[in-house]
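*Asks:* So I've got this file, query.cif, and it contains mmCIF, C-alpha atoms:
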data_entry
loop_
_atom_site.label_atom_id
_atom_site.label_comp_id
_atom_site.auth_asym_id
_atom_site.auth_seq_id
_atom_site.Cartn_x
_atom_site.Cartn_y
_atom_site.Cartn_z
CA MET A 1 7.30 104.53 51.84
CA ARG A 2 4.37 105.68 53.92
CA ARG A 3 2.23 105.86 50.80
CA ALA A 4 2.85 102.20 50.02
CA GLY A 5 1.56 101.31 53.46
CA LYS A 6 -1.81 103.02 53.09
CA THR A 7 -4.91 100.88 53.21
CA LEU A 8 -6.32 99.94 49.83
CA SER A 9 -9.73 101.14 48.80
CA GLU A 10 -12.50 98.55 48.72
CA ALA A 11 -12.30 98.34 44.92
CA ALA A 12 -8.52 97.95 44.90
CA ALA A 13 -8.57 95.39 47.71
CA ALA A 14 -11.07 93.31 45.75
CA VAL A 15 -8.48 92.43 43.09
CA GLN A 16 -5.79 91.14 45.46
CA TRP A 17 -5.37 87.61 46.76
CA ILE A 18 -3.05 86.84 49.65
CA PRO A 19 -3.09 83.04 49.95
CA PRO A 20 -3.24 81.62 53.47
CA ALA A 21 -0.51 79.31 54.71
CA ASP A 22 -2.66 76.25 53.95
CA ALA A 23 -3.83 77.46 50.53
CA GLN A 24 -4.83 74.85 47.99
CA PRO A 25 -4.13 75.13 44.24
CA VAL A 26 -6.11 78.02 42.82
CA ALA A 27 -9.33 77.47 40.88
CA TRP A 28 -9.24 80.16 38.22
CA HIS A 29 -12.99 80.09 37.57
CA GLU A 30 -13.57 80.90 41.24
CA LEU A 31 -11.01 83.72 41.26
CA PHE A 32 -12.38 85.35 38.10
CA GLY A 33 -15.95 84.10 37.99
CA ARG A 34 -15.59 82.62 34.52
CA VAL A 35 -13.63 80.11 32.44
CA ALA A 36 -11.03 81.78 30.21
CA PRO A 37 -7.36 81.40 29.20
CA VAL A 38 -5.02 82.51 31.99
CA GLU A 39 -1.66 84.29 31.77
CA VAL A 40 0.66 84.78 34.76
CA ASP A 41 3.24 87.56 35.16
CA LEU A 42 5.81 86.36 37.70
CA GLY A 43 7.43 89.13 39.73
CA CYS A 44 5.07 91.66 38.17
CA GLY A 45 6.39 94.73 40.01
CA ASP A 46 4.06 97.68 39.57
CA GLY A 47 1.85 95.60 37.29
CA SER A 48 2.19 97.85 34.24
CA PHE A 49 2.90 94.94 31.88
CA PHE A 50 0.11 92.54 32.75
CA ILE A 51 -2.40 95.35 33.27
CA ALA A 52 -1.69 96.56 29.74
CA ARG A 53 -2.11 92.98 28.53
CA ALA A 54 -5.43 92.75 30.36
CA GLU A 55 -6.62 95.90 28.61
CA GLN A 56 -5.56 94.49 25.23
CA HIS A 57 -7.20 91.10 25.79
CA PRO A 58 -10.48 91.25 27.73
CA GLU A 59 -11.17 87.67 26.64
CA ARG A 60 -8.25 86.45 28.78
CA ASP A 61 -7.58 86.55 32.51
CA PHE A 62 -4.30 87.85 33.94
CA VAL A 63 -2.54 87.29 37.24
CA GLY A 64 0.39 89.29 38.56
CA VAL A 65 2.50 87.63 41.25
CA GLU A 66 4.45 90.00 43.49
CA LEU A 67 5.91 89.56 46.97
CA LEU A 68 6.70 93.20 47.81
CA LEU A 69 3.70 94.84 49.44
CA GLY A 70 4.20 98.34 48.04
CA ARG A 71 4.44 97.11 44.46
CA MET A 72 1.46 94.81 44.91
CA ARG A 73 -0.68 97.67 46.17
CA THR A 74 0.40 99.88 43.26
CA ALA A 75 -0.80 97.17 40.87
CA CYS A 76 -4.08 96.75 42.75
CA ARG A 77 -4.79 100.46 42.55
CA ALA A 78 -4.04 100.53 38.82
CA ILE A 79 -6.43 97.65 38.18
CA SER A 80 -9.10 99.47 40.15
CA VAL A 81 -8.54 102.74 38.27
CA HIS A 82 -8.79 100.96 34.92
CA ARG A 83 -11.89 99.04 36.11
CA LEU A 84 -10.47 95.74 34.90
CA THR A 85 -12.40 92.60 35.77
CA ASN A 86 -9.87 90.25 34.18
CA ALA A 87 -6.82 91.08 36.32
CA ARG A 88 -5.80 90.02 39.83
CA VAL A 89 -2.69 90.39 41.99
CA VAL A 90 -1.34 87.61 44.19
CA ARG A 91 1.09 88.40 46.98
CA TYR A 92 3.40 85.39 46.94
CA GLU A 93 6.94 84.34 46.12
CA SER A 94 7.11 83.28 42.47
CA THR A 95 8.79 79.89 42.89
CA ALA A 96 6.45 78.84 45.69
CA PHE A 97 3.45 80.03 43.66
CA VAL A 98 4.50 77.95 40.66
CA GLN A 99 5.31 74.90 42.79
CA HIS A 100 2.32 74.82 45.11
CA LEU A 101 -0.62 76.90 43.91
CA LEU A 102 -1.00 76.07 40.22
CA PRO A 103 -2.97 73.05 39.01
CA PRO A 104 -1.30 71.06 36.22
CA GLY A 105 -2.11 72.33 32.73
CA SER A 106 -3.94 75.41 34.00
CA VAL A 107 -1.86 78.32 32.63
CA ASP A 108 -1.75 79.36 28.98
CA GLY A 109 1.19 81.72 29.30
CA PHE A 110 3.89 82.72 31.77
CA TYR A 111 6.04 85.86 31.74
CA LEU A 112 9.29 86.37 33.62
CA LEU A 113 10.46 89.82 32.60
CA PHE A 114 13.72 91.23 33.91
CA PRO A 115 14.00 89.17 37.09
CA ASP A 116 16.65 90.13 39.62
CA PRO A 117 19.87 88.81 37.99
CA TRP A 118 21.89 88.52 41.22
CA PRO A 119 25.08 89.10 39.19
CA LYS A 120 27.58 88.33 41.96
CA ARG A 121 28.62 84.69 41.89
CA ARG A 122 28.01 84.19 45.60
CA HIS A 123 24.41 85.37 45.17
CA GLN A 124 23.47 83.42 42.05
CA SER A 125 21.80 80.68 44.06
CA ARG A 126 19.06 83.25 44.75
CA ARG A 127 18.06 83.47 41.10
CA VAL A 128 14.47 82.45 40.46
CA VAL A 129 15.20 80.29 37.40
CA THR A 130 16.32 76.86 38.57
CA PRO A 131 15.62 73.34 37.29
CA LEU A 132 12.90 72.99 39.95
CA PHE A 133 11.29 76.26 38.90
CA LEU A 134 11.32 75.33 35.20
CA ARG A 135 9.76 71.94 35.93
CA GLY A 136 7.00 73.70 37.85
CA VAL A 137 6.35 76.06 34.93
CA ALA A 138 6.27 73.15 32.48
CA LYS A 139 3.81 71.25 34.65
CA ALA A 140 1.46 74.22 34.99
CA LEU A 141 1.45 75.15 31.29
CA THR A 142 -1.24 73.94 28.92
CA LEU A 143 -0.05 71.98 25.88
CA GLY A 144 1.38 74.55 23.50
CA GLY A 145 1.45 77.18 26.25
CA ARG A 146 4.35 79.63 26.22
CA PHE A 147 6.84 80.91 28.76
CA ARG A 148 8.36 84.25 27.75
CA ILE A 149 11.54 85.44 29.44
CA ALA A 150 13.47 88.70 29.04
CA THR A 151 16.64 89.92 30.75
CA ASP A 152 19.33 92.51 30.15
CA GLN A 153 21.97 90.19 31.63
CA ALA A 154 23.72 88.03 29.01
CA ASP A 155 25.15 85.67 31.63
CA TYR A 156 21.73 85.02 33.16
CA TYR A 157 20.23 84.48 29.71
CA LYS A 158 22.87 81.87 28.85
CA THR A 159 22.20 80.09 32.13
CA ILE A 160 18.46 79.97 31.46
CA VAL A 161 19.02 78.63 27.94
CA ARG A 162 21.31 75.92 29.31
CA LEU A 163 18.83 74.88 32.00
CA ALA A 164 15.96 74.81 29.52
CA ARG A 165 17.88 72.44 27.24
CA ASP A 166 17.73 69.81 29.96
CA LEU A 167 13.94 69.94 30.11
CA PRO A 168 12.34 68.06 27.17
CA GLU A 169 8.87 69.36 28.03
CA LEU A 170 9.83 72.89 26.99
CA ASP A 171 10.89 73.65 23.42
CA PRO A 172 12.60 76.94 22.48
CA ILE A 173 10.88 78.64 19.58
CA SER A 174 12.33 81.30 17.32
CA GLY A 175 10.90 84.07 15.19
CA LEU A 176 8.86 87.11 16.05
CA SER A 177 5.75 86.71 18.17
CA ASP A 178 2.41 87.36 16.50
CA ASP A 179 1.44 89.27 19.63
CA VAL A 180 2.81 92.77 20.27
CA LEU A 181 3.74 92.90 23.94
CA PRO A 182 3.74 96.01 26.13
CA GLN A 183 7.09 97.23 27.42
CA THR A 184 7.77 96.92 31.12
CA THR A 185 9.13 99.79 33.18
CA PHE A 186 12.55 98.09 33.27
CA GLU A 187 12.54 97.40 29.54
CA LYS A 188 11.94 101.06 28.73
CA ARG A 189 14.79 102.02 31.04
CA PHE A 190 17.23 99.50 29.55
CA LEU A 191 16.37 100.40 25.96
CA ALA A 192 16.78 104.10 26.72
CA ALA A 193 20.26 103.31 28.07
CA GLY A 194 21.14 101.37 24.91
CA ASP A 195 21.33 98.02 26.72
CA GLU A 196 20.77 94.79 24.80
CA ILE A 197 17.67 92.80 25.71
CA HIS A 198 17.92 89.00 25.63
CA ARG A 199 14.66 87.14 25.02
CA LEU A 200 13.65 83.51 25.13
CA VAL A 201 10.31 81.87 24.37
CA LEU A 202 9.73 78.31 25.55
CA ARG A 203 6.69 76.32 24.45
CA LYS A 204 5.14 73.35 26.24
CA SER A 205 5.69 70.36 24.00
CA LEU A 206 2.60 68.98 22.26
CA THR A 207 3.92 65.43 22.47
#
Just give me the structure as structure tokens.
*Replies:*
Amino acid sequence: MRRAGKTLSEAAAAVQWIPPADAQPVAWHELFGRVAPVEVDLGCGDGSFFIARAEQHPERDFVGVELLLGRMRTACRAISVHRLTNARVVRYESTAFVQHLLPPGSVDGFYLLFPDPWPKRRHQSRRVVTPLFLRGVAKALTLGGRFRIATDQADYYKTIVRLARDLPELDPISGLSDDVLPQTTFEKRFLAAGDEIHRLVLRKSLT
């Protein structure tokens, strides 16, 4: 725990953004110094997924959103070590980030990979996926932009599918993606244990 509290190096600190209380919606070209497609990894944890994506796609910009300080700093250090100029970490709660800091039509892809399932019924109100959250994602996506979700919890998956049905702006799409995605730390763990992974891809309607 003490390690997570250490001060970041100058290079690692340069890739983090901790929005102030009065922060306005982010201008991606100011954050990255260029205009490029943007993908957002919500609840990015140690950042291994979106950092791998950033390495695969230097033509795109990637943002990891993480509230826990230790995880955020781990991601910042990894970006610094890999010398990535197309990756940033934002310390913020995912729902608030989607609702308040994203301009409409500004994100080409969202990822929500193995969010906390809060399996006990009395805790399920804490789940990140709600109608309000999905509306925020739909508003922030570009036309044709995709929202990829993965969970090992069948009950949570069914709930997300049901909520998405009530949102005409997001269309579920089937079939294999033409983009090979890196595995997250949790995904590797679940697959090693033989757990089933439930996936959903929602696309912002073109009409």
*Asks:* Have a look at A:Glu39, A:Asp22, A:Asp155, A:Asp166 and name the one nearest to Gly109 (chain A); count all atoms listed in the file.
*Replies:* A:Glu39
*Asks:* Wanna dump the region 121-180 of chain A-region 26-37 of chain A contacts at 12 Å for me, each residue with its shortest atom pair and the distance in Å to one decimal, counting all atoms listed in the file, ordered by chain and number, as a tab-separated table?
*Replies:*
residue	atom	partner	partner_atom	distance
A:Ala140	CA	A:Val26	CA	11.5
A:Leu141	CA	A:Pro37	CA	11.0
A:Thr142	CA	A:Pro37	CA	9.7
A:Gly145	CA	A:Pro37	CA	10.2
*Asks:* Could you state the separation of CA of Lys158 (chain A) and CA of Val129 (chain A) in Å, given to one decimal place?
*Replies:* 11.6 Å
*Asks:* Taking into account all atoms listed in the file, which residue in the set A:Leu191, A:Val40, A:Leu181, A:Leu84 is nearest to Glu59 (chain A)?
*Replies:*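 Going through A:Leu191, A:Val40, A:Leu181, A:Leu84 one by one, the smallest distance to Glu59 (chain A) is for A:Leu84.
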*Asks:* Counting all atoms listed in the file, which residues in region 64-149 of chain A sit no more than 12 Å from region 46-57 of chain A? For each one, give the nearest pair of atoms and the distance in Å, sorted by chain then residue number, as CSV.
*Replies:*
residue,atom,partner,partner_atom,distance
A:Gly64,CA,A:Gly47,CA,6.6
A:Val65,CA,A:Gly47,CA,8.9
A:Glu66,CA,A:Asp46,CA,8.6
A:Leu67,CA,A:Asp46,CA,11.1
A:Leu68,CA,A:Asp46,CA,9.7
A:Leu69,CA,A:Asp46,CA,10.3
A:Gly70,CA,A:Asp46,CA,8.5
A:Arg71,CA,A:Asp46,CA,4.9
A:Met72,CA,A:Asp46,CA,6.6
A:Arg73,CA,A:Asp46,CA,8.1
A:Thr74,CA,A:Asp46,CA,5.6
A:Ala75,CA,A:Gly47,CA,4.7
A:Cys76,CA,A:Gly47,CA,8.1
A:Arg77,CA,A:Asp46,CA,9.7
A:Ala78,CA,A:Ile51,CA,7.8
A:Ile79,CA,A:Ile51,CA,6.8
A:Ser80,CA,A:Ile51,CA,10.4
A:Val81,CA,A:Ile51,CA,10.8
A:His82,CA,A:Glu55,CA,8.4
A:Arg83,CA,A:Glu55,CA,9.7
A:Leu84,CA,A:Glu55,CA,7.4
A:Thr85,CA,A:Ala54,CA,8.8
A:Asn86,CA,A:Ala54,CA,6.4
A:Ala87,CA,A:Ala54,CA,6.3
A:Arg88,CA,A:Ile51,CA,9.1
A:Val89,CA,A:Gly47,CA,8.4
A:Val90,CA,A:Gly47,CA,11.0
A:Gly109,CA,A:Phe50,CA,11.4
A:Phe110,CA,A:Phe50,CA,10.6
A:Tyr111,CA,A:Phe50,CA,9.0
A:Leu112,CA,A:Phe49,CA,10.8
A:Leu113,CA,A:Phe49,CA,9.2
A:Phe114,CA,A:Phe49,CA,11.6
*Asks:* For the provided coordinates, the residues matched by the PyMOL selection byres ((chain A and resi 205) around 7) should be stated as a VMD selection string.
*Replies:* chain A and resid 143 to 144 169 to 171 203 to 204 206 to 207
*Asks:* Between A:Gln99, A:Phe147, A:Gly105, A:Pro115, which is the closest to Arg135 (chain A) once you count all atoms listed in the file?
*Replies:*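 Looking only at the distances to Arg135 (chain A), the closest residue turns out to be A:Gln99.
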*Asks:* Hey, what's within 9 Å of Leu134 (chain A) if we count only C-alpha atoms and toss same-chain stuff fewer than 6 positions away? As a ChimeraX atom specification, please?
*Replies:* /A:163-164,167,170
*Asks:* Distance CA of Val201 (chain A)-CA of Ile160 (chain A), one decimal place?
*Replies:* 11.0 Å
*Asks:* Rounded to one decimal, what separation in Å do you get between CA of Thr184 (chain A) and CA of Cys44 (chain A)?
*Replies:*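 Between CA of Thr184 (chain A) and CA of Cys44 (chain A) the gap is 9.2 Å.
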*Asks:* Which one of A:Asp108, A:Lys120, A:His198, A:Phe133 sits closest to Asp152 (chain A) if you count all atoms listed in the file?
*Replies:* A:His198
*Asks:* Report as a JSON list (two decimals) with C-alpha atoms, in the coordinates of the input the full result of the PyMOL selection byres ((chain A and resi 196) around 9) when it is applied to this structure.
*Replies:*
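Output saved as part27.json:
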[["chain", "number", "residue", "atom", "x", "y", "z"],
["A", 151, "THR", "CA", 16.64, 89.92, 30.75],
["A", 152, "ASP", "CA", 19.33, 92.51, 30.15],
["A", 153, "GLN", "CA", 21.97, 90.19, 31.63],
["A", 154, "ALA", "CA", 23.72, 88.03, 29.01],
["A", 190, "PHE", "CA", 17.23, 99.50, 29.55],
["A", 191, "LEU", "CA", 16.37, 100.40, 25.96],
["A", 194, "GLY", "CA", 21.14, 101.37, 24.91],
["A", 195, "ASP", "CA", 21.33, 98.02, 26.72],
["A", 197, "ILE", "CA", 17.67, 92.80, 25.71],
["A", 198, "HIS", "CA", 17.92, 89.00, 25.63]]
*Asks:* Apply the PyMOL selection byres ((chain A and resi 96) around 12) to the displayed file and report the matching residues as a PyMOL selection string.
*Replies:* chain A and resi 19+21+23+25+42-43+65-67+90-95+97-102+128+132-133+136-137
*Asks:* Taking 4 positions as the minimum chain separation for residues in the same chain, which residues sit within 12 Å of Ser174 (chain A) when counting only C-alpha atoms? Answer as JSON, numbers by chain.
*Replies:* {"A": [148, 178, 199, 200, 201, 202, 203]}
